[in-house]
$ cat work16.txt   # compact mmCIF, C-alpha atoms
# COMPACT_ATOMS: atom_id res chain seq x y z
CA GLU A 143 -2.97 24.38 36.95
CA LEU A 144 -4.29 20.99 35.95
CA ARG A 145 -8.03 20.64 36.57
CA PRO A 146 -10.54 17.83 36.11
CA ARG A 147 -12.98 18.55 33.30
CA ALA A 148 -15.85 19.42 35.65
CA GLU A 149 -13.67 21.96 37.47
CA ALA A 150 -12.13 23.60 34.39
CA VAL A 151 -13.75 27.03 34.37
CA VAL A 152 -13.02 30.64 33.41
CA SER A 153 -14.34 33.88 34.85
CA VAL A 154 -17.55 35.35 33.47
CA PHE A 155 -15.42 38.47 33.01
CA ASP A 156 -12.98 36.63 30.72
CA SER A 157 -12.44 38.34 27.36
CA GLY A 158 -13.10 35.14 25.43
CA PHE A 159 -16.42 34.47 27.14
CA MET A 160 -17.58 38.07 26.97
CA LEU A 161 -16.45 39.11 23.52
CA GLY A 162 -14.78 36.26 21.67
CA ASP A 163 -11.52 38.17 22.14
CA GLY A 164 -8.78 35.61 21.61
CA VAL A 165 -7.18 33.10 19.28
CA TRP A 166 -7.04 29.32 19.28
CA GLU A 167 -5.65 26.21 17.60
CA GLY A 168 -6.85 22.64 17.18
CA LEU A 169 -4.09 20.02 17.37
CA ARG A 170 -4.00 16.34 16.50
CA VAL A 171 -1.78 14.08 18.62
CA HIS A 172 -0.14 11.06 16.96
CA LYS A 173 2.44 8.86 18.64
CA GLY A 174 2.74 11.33 21.48
CA ARG A 175 3.44 14.30 19.23
CA ALA A 176 1.23 17.16 18.09
CA ALA A 177 1.32 16.96 14.30
CA PHE A 178 2.64 20.10 12.56
CA LEU A 179 3.03 21.81 15.94
CA GLY A 180 5.46 24.41 14.61
CA ARG A 181 2.98 25.56 11.97
CA HIS A 182 0.16 25.76 14.51
CA LEU A 183 2.26 27.83 16.89
CA ASP A 184 3.24 30.11 14.00
CA ARG A 185 -0.42 30.78 13.28
CA LEU A 186 -1.32 31.22 16.95
CA PHE A 187 1.43 33.76 17.65
CA GLU A 188 0.82 35.62 14.37
CA GLY A 189 -2.88 35.89 15.20
CA ALA A 190 -2.12 37.12 18.71
CA LYS A 191 0.26 39.73 17.32
CA ALA A 192 -2.34 40.86 14.78
CA ILE A 193 -4.85 41.61 17.55
CA ALA A 194 -2.17 43.20 19.77
CA MET A 195 -2.42 40.46 22.41
CA ASP A 196 0.58 39.25 24.42
CA ILE A 197 0.35 35.51 25.01
CA GLY A 198 2.73 35.86 27.94
CA LEU A 199 4.69 32.69 27.16
CA SER A 200 7.31 31.81 24.57
CA ARG A 201 6.64 29.17 21.93
CA ASP A 202 8.81 26.68 23.82
CA GLU A 203 7.07 27.41 27.12
CA LEU A 204 3.66 26.95 25.55
CA ALA A 205 4.72 23.68 23.89
CA LYS A 206 6.09 22.49 27.24
CA ARG A 207 2.76 23.12 28.95
CA LEU A 208 0.96 21.35 26.12
CA TYR A 209 3.06 18.22 26.56
CA GLU A 210 2.86 18.41 30.36
CA THR A 211 -0.92 18.30 30.02
CA LEU A 212 -0.76 15.30 27.70
CA SER A 213 1.68 13.51 30.03
CA ALA A 214 -0.47 14.17 33.10
CA ASN A 215 -3.40 12.53 31.28
CA ARG A 216 -1.23 9.74 29.83
CA MET A 217 -2.47 10.62 26.35
CA ASP A 218 -0.48 9.87 23.21
CA GLU A 219 -2.86 8.62 20.52
CA GLY A 220 -6.37 9.35 19.27
CA VAL A 221 -6.26 12.74 20.97
CA HIS A 222 -7.48 16.16 19.83
CA VAL A 223 -6.29 19.25 21.69
CA ARG A 224 -7.97 22.64 21.78
CA LEU A 225 -5.42 25.32 22.70
CA MET A 226 -7.07 28.66 23.49
CA VAL A 227 -5.67 32.04 24.46
CA THR A 228 -7.84 35.02 25.39
CA ARG A 229 -6.88 38.56 26.36
CA GLY A 230 -7.73 37.76 29.97
CA VAL A 231 -10.14 38.99 32.61
CA ARG A 232 -11.80 42.38 32.19
CA SER A 233 -12.71 44.62 35.11
CA THR A 234 -16.10 45.33 33.52
CA PRO A 235 -18.13 44.19 30.47
CA TYR A 236 -16.61 46.55 27.91
CA GLN A 237 -14.86 46.19 24.56
CA ASP A 238 -11.87 48.45 25.17
CA PRO A 239 -8.85 46.20 25.96
CA ARG A 240 -7.59 48.79 28.42
CA VAL A 241 -10.06 47.40 30.99
CA VAL A 242 -8.22 44.06 31.01
CA VAL A 243 -6.68 43.30 34.39
CA GLY A 244 -3.87 40.78 34.65
CA GLY A 245 -2.44 38.48 32.02
CA PRO A 246 -3.99 36.36 29.28
CA THR A 247 -6.08 33.26 29.89
CA ILE A 248 -4.53 30.10 28.41
CA VAL A 249 -6.60 26.91 28.26
CA ILE A 250 -5.45 23.49 27.01
CA ILE A 251 -8.17 20.87 26.56
CA PRO A 252 -7.03 17.40 25.43
CA GLU A 253 -9.76 14.89 24.59
CA TYR A 254 -9.88 11.38 23.28
CA LYS A 255 -11.68 12.26 20.07
CA VAL A 256 -11.28 10.68 16.66
CA PRO A 257 -13.28 11.12 13.45
CA ASP A 258 -15.68 8.36 12.49
CA PRO A 259 -13.55 6.06 10.28
CA ALA A 260 -16.55 5.56 7.99
CA ILE A 261 -16.53 9.26 7.05
CA HIS A 262 -13.46 8.70 4.87
CA GLU A 263 -15.45 6.18 2.83
CA ARG A 264 -18.95 7.64 3.09
CA GLY A 265 -17.93 11.22 2.44
CA LEU A 266 -19.66 14.49 3.30
CA LYS A 267 -22.78 16.19 2.03
CA LEU A 268 -22.36 19.95 1.59
CA PHE A 269 -24.88 22.74 1.15
CA THR A 270 -24.08 26.25 -0.07
CA VAL A 271 -25.38 28.77 2.48
CA HIS A 272 -26.27 32.45 2.18
CA VAL A 273 -23.80 33.46 4.93
CA ARG A 274 -20.67 34.84 3.26
CA ARG A 275 -17.07 34.96 4.36
CA GLY A 276 -16.46 38.56 5.31
CA ASP A 277 -14.33 41.28 3.87
CA PRO A 278 -11.01 41.53 5.78
CA ALA A 279 -11.79 45.15 6.59
CA VAL A 280 -14.83 43.93 8.54
CA GLN A 281 -13.38 40.83 10.20
CA ASP A 282 -10.26 39.29 8.72
CA GLN A 283 -10.80 35.56 8.23
CA LYS A 284 -7.03 35.01 8.44
CA ILE A 285 -7.23 35.38 12.22
CA ASN A 286 -8.29 32.18 13.96
CA SER A 287 -10.28 34.13 16.53
CA HIS A 288 -12.91 33.00 19.01
CA SER A 289 -15.44 35.13 17.13
CA LYS A 290 -17.04 32.42 14.97
CA LEU A 291 -20.67 33.50 14.81
CA ASN A 292 -20.74 33.70 11.01
CA CYS A 293 -19.47 30.12 10.79
CA ILE A 294 -21.99 29.00 13.40
CA LEU A 295 -24.83 30.57 11.42
CA ALA A 296 -23.56 28.84 8.29
CA SER A 297 -23.42 25.53 10.13
CA ILE A 298 -26.99 25.97 11.38
CA GLN A 299 -28.29 26.62 7.88
CA ALA A 300 -26.44 23.61 6.47
CA THR A 301 -27.73 21.36 9.24
CA GLN A 302 -31.29 22.49 8.67
CA ALA A 303 -30.81 21.65 4.98
CA GLY A 304 -29.75 18.12 5.92
CA ALA A 305 -26.06 18.59 5.12
CA ASP A 306 -22.93 17.80 7.11
CA GLU A 307 -21.11 21.06 6.49
CA ALA A 308 -21.72 24.47 4.94
CA LEU A 309 -20.02 25.63 1.77
CA MET A 310 -19.43 29.38 2.01
CA LEU A 311 -18.84 31.93 -0.75
CA ASP A 312 -16.69 35.05 -0.64
CA PRO A 313 -18.08 38.60 -1.04
CA HIS A 314 -17.74 38.27 -4.84
CA GLY A 315 -19.67 35.00 -5.11
CA PHE A 316 -16.65 32.73 -5.58
CA VAL A 317 -16.17 29.64 -3.42
CA ALA A 318 -14.24 30.46 -0.24
CA THR A 319 -14.28 27.61 2.28
CA CYS A 320 -16.52 25.47 4.47
CA ASN A 321 -17.68 26.60 7.89
CA SER A 322 -15.06 24.55 9.78
CA THR A 323 -12.87 23.03 7.07
CA HIS A 324 -11.23 24.02 3.79
CA PHE A 325 -12.62 22.93 0.43
CA PHE A 326 -11.00 21.47 -2.70
CA ILE A 327 -12.32 20.20 -6.01
CA VAL A 328 -10.72 17.93 -8.60
CA ARG A 329 -11.25 18.67 -12.30
CA LYS A 330 -9.53 16.73 -15.08
CA GLY A 331 -6.60 15.71 -12.93
CA GLU A 332 -6.15 19.16 -11.38
CA VAL A 333 -6.70 20.09 -7.74
CA TRP A 334 -8.32 23.48 -7.10
CA THR A 335 -8.88 25.39 -3.89
CA SER A 336 -9.94 28.96 -3.27
CA SER A 337 -7.63 31.94 -3.64
CA GLY A 338 -7.28 31.95 0.14
CA LYS A 339 -8.18 35.63 0.39
CA TYR A 340 -11.29 34.97 2.47
CA CYS A 341 -10.37 31.97 4.58
CA LEU A 342 -8.11 30.98 7.42
CA GLY A 343 -4.57 29.99 6.50
CA GLY A 344 -5.29 26.31 7.01
CA ILE A 345 -2.46 24.04 8.14
CA THR A 346 -3.84 20.91 6.47
CA ARG A 347 -4.76 22.97 3.41
CA ALA A 348 -1.14 24.11 3.07
CA VAL A 349 0.18 20.58 3.60
CA ILE A 350 -2.08 19.22 0.84
CA LEU A 351 -0.86 21.90 -1.58
CA GLU A 352 2.75 20.99 -0.72
CA ILE A 353 1.99 17.29 -1.20
CA CYS A 354 0.52 18.01 -4.63
CA ARG A 355 3.57 20.02 -5.63
CA ASP A 356 5.97 17.30 -4.44
CA ALA A 357 3.95 14.57 -6.20
CA GLY A 358 3.71 16.48 -9.47
CA ILE A 359 -0.06 16.96 -9.17
CA PRO A 360 -1.24 20.26 -10.71
CA ALA A 361 -2.74 22.27 -7.84
CA PHE A 362 -4.07 25.82 -7.99
CA GLU A 363 -5.28 28.49 -5.57
CA LYS A 364 -7.80 30.42 -7.66
CA ASP A 365 -11.25 31.95 -7.92
CA PHE A 366 -13.89 29.47 -9.04
CA SER A 367 -17.66 29.37 -8.94
CA LEU A 368 -20.36 26.93 -7.91
CA THR A 369 -20.68 25.96 -11.56
CA ASP A 370 -17.13 24.60 -11.36
CA VAL A 371 -17.99 22.79 -8.15
CA HIS A 372 -21.20 21.24 -9.44
CA GLY A 373 -19.37 19.96 -12.52
CA ALA A 374 -16.29 18.67 -10.68
CA ASP A 375 -15.07 15.09 -10.77
CA GLU A 376 -14.24 14.89 -7.06
CA ALA A 377 -14.24 17.17 -4.04
CA PHE A 378 -12.86 16.98 -0.53
CA THR A 379 -12.40 18.98 2.65
CA THR A 380 -9.32 19.35 4.83
CA GLY A 381 -8.90 20.02 8.52
CA THR A 382 -6.67 19.12 11.44
CA PHE A 383 -9.26 16.86 13.05
CA ALA A 384 -9.99 14.47 10.16
CA GLY A 385 -7.42 15.33 7.48
CA PRO A 386 -8.64 15.03 3.86
CA VAL A 387 -12.29 13.87 3.76
CA PRO A 388 -14.14 13.13 0.50
CA VAL A 389 -17.32 14.97 -0.46
CA ARG A 390 -20.08 12.91 -2.01
CA GLU A 391 -22.63 15.64 -2.72
CA VAL A 392 -22.84 19.43 -3.06
CA ASP A 393 -26.25 21.11 -3.35
CA GLY A 394 -27.82 17.86 -4.52
CA ARG A 395 -25.17 17.22 -7.21
CA LYS A 396 -23.51 13.83 -6.79
CA LEU A 397 -19.71 13.59 -7.02
CA GLU A 398 -17.44 10.58 -7.13
CA CYS A 399 -16.86 9.84 -3.46
CA ARG A 400 -13.26 8.99 -2.61
CA GLY A 401 -12.19 8.93 -6.20
CA PRO A 402 -8.62 8.16 -7.25
CA MET A 403 -7.27 11.64 -6.47
CA VAL A 404 -8.75 11.83 -2.98
CA GLU A 405 -7.60 8.31 -2.18
CA LYS A 406 -4.07 9.17 -3.29
CA LEU A 407 -3.97 12.39 -1.29
CA GLN A 408 -5.27 10.67 1.83
CA LYS A 409 -2.42 8.18 1.61
CA LEU A 410 0.20 10.85 1.00
CA TYR A 411 -1.16 12.99 3.84
CA ALA A 412 -0.97 10.09 6.31
CA GLU A 413 2.65 9.57 5.28
CA ARG A 414 3.40 13.28 5.77
CA VAL A 415 1.96 13.16 9.31
CA GLU A 416 4.16 10.17 10.13
CA THR A 417 7.21 12.02 8.83
CA ASP A 418 6.39 15.16 10.79
CA VAL A 419 5.93 13.46 14.17
CA ALA A 420 9.03 11.32 13.65
CA GLU A 421 11.11 14.47 13.20
CA GLN A 422 9.79 16.16 16.35
CA ARG A 423 11.27 16.26 19.83
CA ARG A 424 8.89 16.73 22.72
CA ALA A 425 9.34 19.87 24.76
$ encode --input "work16.txt" --output "structure tokens"
Amino acid sequence: ELRPRAEAVVSVFDSGFMLGDGVWEGLRVHKGRAAFLGRHLDRLFEGAKAIAMDIGLSRDELAKRLYETLSANRMDEGVHVRLMVTRGVRSTPYQDPRVVVGGPTIVIIPEYKVPDPAIHERGLKLFTVHVRRGDPAVQDQKINSHSKLNCILASIQATQAGADEALMLDPHGFVATCNSTHFFIVRKGEVWTSSGKYCLGGITRAVILEICRDAGIPAFEKDFSLTDVHGADEAFTTGTFAGPVPVREVDGRKLECRGPMVEKLQKLYAERVETDVAEQRRA
């Protein structure tokens, strides 16, 4: 069903509303195509399988509904899509999935939403928060679930400290990720990001690592500390919404904002998006 924004609602008994029981993806639409759609669907279906949830549609059927929604709204540029799947309506407020009645709830929300162009010049201010990325035995960060309270708490602390985004550490005190984006530093011509053990398998993160490899830029997934961050030459974040975004400050330490490496990677990333959407066929 296609619904106007004001009429788009779910039941108060929905698993996502009640318990955060579901998975989701954020998609960027360029020239009428969802960039890196195949990778996003891979992550969505893998996450659903990991939590033993049947999405109820095939990849092709889900992509078809996505593009039907975009077509109905005549949207093809400057659009961000939130694709959400929950376990469905429960018969009673209870955690056990056996009380779910019916199929999953699938919601597609396309919005005209673009990042502030100035952010790619101005850069972000980050603050390291006390909230850690959890052990996978507690809540595996690889699953892009609706349960984001730890990231919300991190965001609140960063905001109260006057920062744009929170930098989060892993259980061992190494840098893990930001609360809603992935984090990279540049040191002596090398690009570093976390080991990936305590963060979501980011689509843009993976694309940047591939770009570095193809361009001959040394790039490493490794453990590193805040000392390495505070002494870095450059830093940047990555995410589907805004792509690579420079960081100008971390915990009061100034970094070169949009230095030569970040500028180069932004250009190469934009080219990779163009290539990806040109190769796609709409469902």
$ closest_residue --input "work16.txt" --among "A:Ile250, A:Val333, A:Val371, A:Leu183" --to "Arg355 (chain A)" --atoms "all atoms listed in the file"
A:Val333
$ residues_around --input "work16.txt" --residues "region 166-171 of chain A" --least-positions-apart "6" --cutoff "8 Å" --atoms "only C-alpha atoms" --output "ChimeraX atom specification"
/A:177,179,182,186,218-227,286-288,382-383
$ axis_aligned_box --input "work16.txt" --around "region 246-253 of chain A" --padding-each-side "4 Å" --output "JSON"
{"center_x": -6.9, "center_y": 25.6, "center_z": 27.2, "size_x": 13.8, "size_y": 29.5, "size_z": 13.3}
$ atom_distance --input "work16.txt" --atom1 "CA of Lys330 (chain A)" --atom2 "CA of His372 (chain A)"
13.7 Å
$ residues_around --input "work16.txt" --residues "Met160 (chain A)" --least-positions-apart "5" --cutoff "9 Å" --atoms "only C-alpha atoms" --output "ChimeraX atom specification"
/A:154-155,232,235-237
$ closest_residue --input "work16.txt" --among "A:Arg424, A:His262, A:Lys406, A:Arg395" --to "Thr379 (chain A)" --atoms "only C-alpha atoms"
A:His262
$ residues_around --input "work16.txt" --residues "Phe269 (chain A)" --least-positions-apart "4" --cutoff "6 Å" --atoms "only C-alpha atoms" --output "list in words"
Ala300, Ala305, Ala308, Leu309, Val392 and Asp393 of chain A
$ atom_distance --input "work16.txt" --atom1 "CA of Ile285 (chain A)" --atom2 "CA of Gly315 (chain A)"
21.3 Å
$ residues_around --input "work16.txt" --residues "Ala384 (chain A)" --least-positions-apart "4" --cutoff "8 Å" --atoms "only C-alpha atoms" --output "list in words"
Val256, Pro257 and Thr380 of chain A
$ write_last_selection --input "work16.txt" --atoms "C-alpha atoms" --output "compact mmCIF listing (two decimals), keeping the file's coordinate frame"
# COMPACT_ATOMS: atom_id res chain seq x y z
CA VAL A 256 -11.28 10.68 16.66
CA PRO A 257 -13.28 11.12 13.45
CA THR A 380 -9.32 19.35 4.83
$ closest_residue --input "work16.txt" --among "A:Ala279, A:Arg400, A:Ala260, A:Lys284" --to "Glu188 (chain A)" --atoms "only C-alpha atoms"
A:Lys284
$ atom_distance --input "work16.txt" --atom1 "CA of Thr417 (chain A)" --atom2 "CA of Asp184 (chain A)"
19.2 Å
$ decode --input "work16.txt" --residues "region 395-407 of chain A" --atoms "all heavy atoms" --output "PDB file, in the first residue's frame"
ATOM      1  N   ARG A 395      41.314  18.307  19.526  1.00  0.00           N
ATOM      2  CA  ARG A 395      42.537  18.312  18.702  1.00  0.00           C
ATOM      3  C   ARG A 395      42.160  18.652  17.266  1.00  0.00           C
ATOM      4  O   ARG A 395      41.308  17.993  16.669  1.00  0.00           O
ATOM      5  CB  ARG A 395      43.240  16.953  18.715  1.00  0.00           C
ATOM      6  CG  ARG A 395      44.112  16.706  19.932  1.00  0.00           C
ATOM      7  CD  ARG A 395      43.313  16.392  21.161  1.00  0.00           C
ATOM      8  NE  ARG A 395      44.147  15.791  22.210  1.00  0.00           N
ATOM      9  CZ  ARG A 395      43.667  15.376  23.360  1.00  0.00           C
ATOM     10  NH1 ARG A 395      42.358  15.495  23.636  1.00  0.00           N
ATOM     11  NH2 ARG A 395      44.473  14.829  24.253  1.00  0.00           N
ATOM     12  N   LYS A 396      42.796  19.662  16.714  1.00  0.00           N
ATOM     13  CA  LYS A 396      42.514  20.097  15.358  1.00  0.00           C
ATOM     14  C   LYS A 396      43.218  19.192  14.350  1.00  0.00           C
ATOM     15  O   LYS A 396      44.381  18.816  14.537  1.00  0.00           O
ATOM     16  CB  LYS A 396      42.972  21.542  15.147  1.00  0.00           C
ATOM     17  CG  LYS A 396      42.404  22.551  16.131  1.00  0.00           C
ATOM     18  CD  LYS A 396      40.903  22.739  15.960  1.00  0.00           C
ATOM     19  CE  LYS A 396      40.384  23.849  16.886  1.00  0.00           C
ATOM     20  NZ  LYS A 396      38.922  24.025  16.759  1.00  0.00           N
ATOM     21  N   LEU A 397      42.509  18.847  13.276  1.00  0.00           N
ATOM     22  CA  LEU A 397      43.072  18.075  12.176  1.00  0.00           C
ATOM     23  C   LEU A 397      42.930  18.872  10.885  1.00  0.00           C
ATOM     24  O   LEU A 397      42.101  19.780  10.797  1.00  0.00           O
ATOM     25  CB  LEU A 397      42.347  16.734  12.038  1.00  0.00           C
ATOM     26  CG  LEU A 397      42.363  15.811  13.263  1.00  0.00           C
ATOM     27  CD1 LEU A 397      41.458  14.620  13.021  1.00  0.00           C
ATOM     28  CD2 LEU A 397      43.779  15.352  13.563  1.00  0.00           C
ATOM     29  N   GLU A 398      43.728  18.518   9.900  1.00  0.00           N
ATOM     30  CA  GLU A 398      43.596  19.192   8.605  1.00  0.00           C
ATOM     31  C   GLU A 398      42.263  18.795   7.996  1.00  0.00           C
ATOM     32  O   GLU A 398      42.001  17.617   7.749  1.00  0.00           O
ATOM     33  CB  GLU A 398      44.735  18.803   7.664  1.00  0.00           C
ATOM     34  CG  GLU A 398      44.654  19.519   6.321  1.00  0.00           C
ATOM     35  CD  GLU A 398      45.821  19.211   5.404  1.00  0.00           C
ATOM     36  OE1 GLU A 398      46.667  18.371   5.766  1.00  0.00           O
ATOM     37  OE2 GLU A 398      45.884  19.811   4.320  1.00  0.00           O
ATOM     38  N   CYS A 399      41.401  19.771   7.799  1.00  0.00           N
ATOM     39  CA  CYS A 399      40.060  19.495   7.302  1.00  0.00           C
ATOM     40  C   CYS A 399      40.054  19.453   5.783  1.00  0.00           C
ATOM     41  O   CYS A 399      40.506  20.384   5.118  1.00  0.00           O
ATOM     42  CB  CYS A 399      39.086  20.568   7.793  1.00  0.00           C
ATOM     43  SG  CYS A 399      37.377  20.239   7.350  1.00  0.00           S
ATOM     44  N   ARG A 400      39.582  18.360   5.255  1.00  0.00           N
ATOM     45  CA  ARG A 400      39.573  18.092   3.812  1.00  0.00           C
ATOM     46  C   ARG A 400      40.974  18.276   3.235  1.00  0.00           C
ATOM     47  O   ARG A 400      41.212  19.055   2.306  1.00  0.00           O
ATOM     48  CB  ARG A 400      38.575  18.976   3.078  1.00  0.00           C
ATOM     49  CG  ARG A 400      38.205  18.407   1.689  1.00  0.00           C
ATOM     50  CD  ARG A 400      37.010  19.117   1.087  1.00  0.00           C
ATOM     51  NE  ARG A 400      36.578  18.458  -0.136  1.00  0.00           N
ATOM     52  CZ  ARG A 400      36.824  18.943  -1.355  1.00  0.00           C
ATOM     53  NH1 ARG A 400      37.463  20.061  -1.523  1.00  0.00           N
ATOM     54  NH2 ARG A 400      36.394  18.271  -2.412  1.00  0.00           N
ATOM     55  N   GLY A 401      41.883  17.508   3.818  1.00  0.00           N
ATOM     56  CA  GLY A 401      43.240  17.482   3.309  1.00  0.00           C
ATOM     57  C   GLY A 401      43.311  16.755   1.971  1.00  0.00           C
ATOM     58  O   GLY A 401      42.291  16.328   1.426  1.00  0.00           O
ATOM     59  N   PRO A 402      44.493  16.593   1.434  1.00  0.00           N
ATOM     60  CA  PRO A 402      44.636  16.007   0.096  1.00  0.00           C
ATOM     61  C   PRO A 402      44.091  14.593  -0.026  1.00  0.00           C
ATOM     62  O   PRO A 402      43.530  14.230  -1.068  1.00  0.00           O
ATOM     63  CB  PRO A 402      46.147  16.048  -0.148  1.00  0.00           C
ATOM     64  CG  PRO A 402      46.777  16.223   1.208  1.00  0.00           C
ATOM     65  CD  PRO A 402      45.788  16.995   2.004  1.00  0.00           C
ATOM     66  N   MET A 403      44.223  13.777   1.025  1.00  0.00           N
ATOM     67  CA  MET A 403      43.720  12.405   0.932  1.00  0.00           C
ATOM     68  C   MET A 403      42.196  12.373   0.917  1.00  0.00           C
ATOM     69  O   MET A 403      41.586  11.672   0.097  1.00  0.00           O
ATOM     70  CB  MET A 403      44.251  11.564   2.092  1.00  0.00           C
ATOM     71  CG  MET A 403      43.814  10.105   2.043  1.00  0.00           C
ATOM     72  SD  MET A 403      44.514   9.198   0.645  1.00  0.00           S
ATOM     73  CE  MET A 403      46.198   8.940   1.288  1.00  0.00           C
ATOM     74  N   VAL A 404      41.579  13.122   1.803  1.00  0.00           N
ATOM     75  CA  VAL A 404      40.116  13.146   1.855  1.00  0.00           C
ATOM     76  C   VAL A 404      39.548  13.696   0.557  1.00  0.00           C
ATOM     77  O   VAL A 404      38.585  13.149  -0.006  1.00  0.00           O
ATOM     78  CB  VAL A 404      39.621  13.978   3.058  1.00  0.00           C
ATOM     79  CG1 VAL A 404      38.105  14.151   3.003  1.00  0.00           C
ATOM     80  CG2 VAL A 404      40.013  13.305   4.365  1.00  0.00           C
ATOM     81  N   GLU A 405      40.152  14.765   0.052  1.00  0.00           N
ATOM     82  CA  GLU A 405      39.675  15.349  -1.205  1.00  0.00           C
ATOM     83  C   GLU A 405      39.762  14.335  -2.342  1.00  0.00           C
ATOM     84  O   GLU A 405      38.841  14.196  -3.161  1.00  0.00           O
ATOM     85  CB  GLU A 405      40.496  16.596  -1.539  1.00  0.00           C
ATOM     86  CG  GLU A 405      39.989  17.343  -2.758  1.00  0.00           C
ATOM     87  CD  GLU A 405      40.729  18.650  -2.997  1.00  0.00           C
ATOM     88  OE1 GLU A 405      41.689  18.938  -2.243  1.00  0.00           O
ATOM     89  OE2 GLU A 405      40.337  19.379  -3.919  1.00  0.00           O
ATOM     90  N   LYS A 406      40.833  13.586  -2.389  1.00  0.00           N
ATOM     91  CA  LYS A 406      41.012  12.580  -3.435  1.00  0.00           C
ATOM     92  C   LYS A 406      39.975  11.463  -3.302  1.00  0.00           C
ATOM     93  O   LYS A 406      39.362  11.034  -4.291  1.00  0.00           O
ATOM     94  CB  LYS A 406      42.422  11.990  -3.361  1.00  0.00           C
ATOM     95  CG  LYS A 406      42.712  10.937  -4.413  1.00  0.00           C
ATOM     96  CD  LYS A 406      44.156  10.463  -4.331  1.00  0.00           C
ATOM     97  CE  LYS A 406      44.476   9.457  -5.425  1.00  0.00           C
ATOM     98  NZ  LYS A 406      45.905   9.033  -5.387  1.00  0.00           N
ATOM     99  N   LEU A 407      39.749  11.004  -2.077  1.00  0.00           N
ATOM    100  CA  LEU A 407      38.802   9.923  -1.871  1.00  0.00           C
ATOM    101  C   LEU A 407      37.367  10.364  -2.145  1.00  0.00           C
ATOM    102  O   LEU A 407      36.548   9.575  -2.636  1.00  0.00           O
ATOM    103  CB  LEU A 407      38.932   9.377  -0.450  1.00  0.00           C
ATOM    104  CG  LEU A 407      40.226   8.611  -0.165  1.00  0.00           C
ATOM    105  CD1 LEU A 407      40.305   8.223   1.318  1.00  0.00           C
ATOM    106  CD2 LEU A 407      40.342   7.362  -1.040  1.00  0.00           C
TER     107      LEU A 407
END
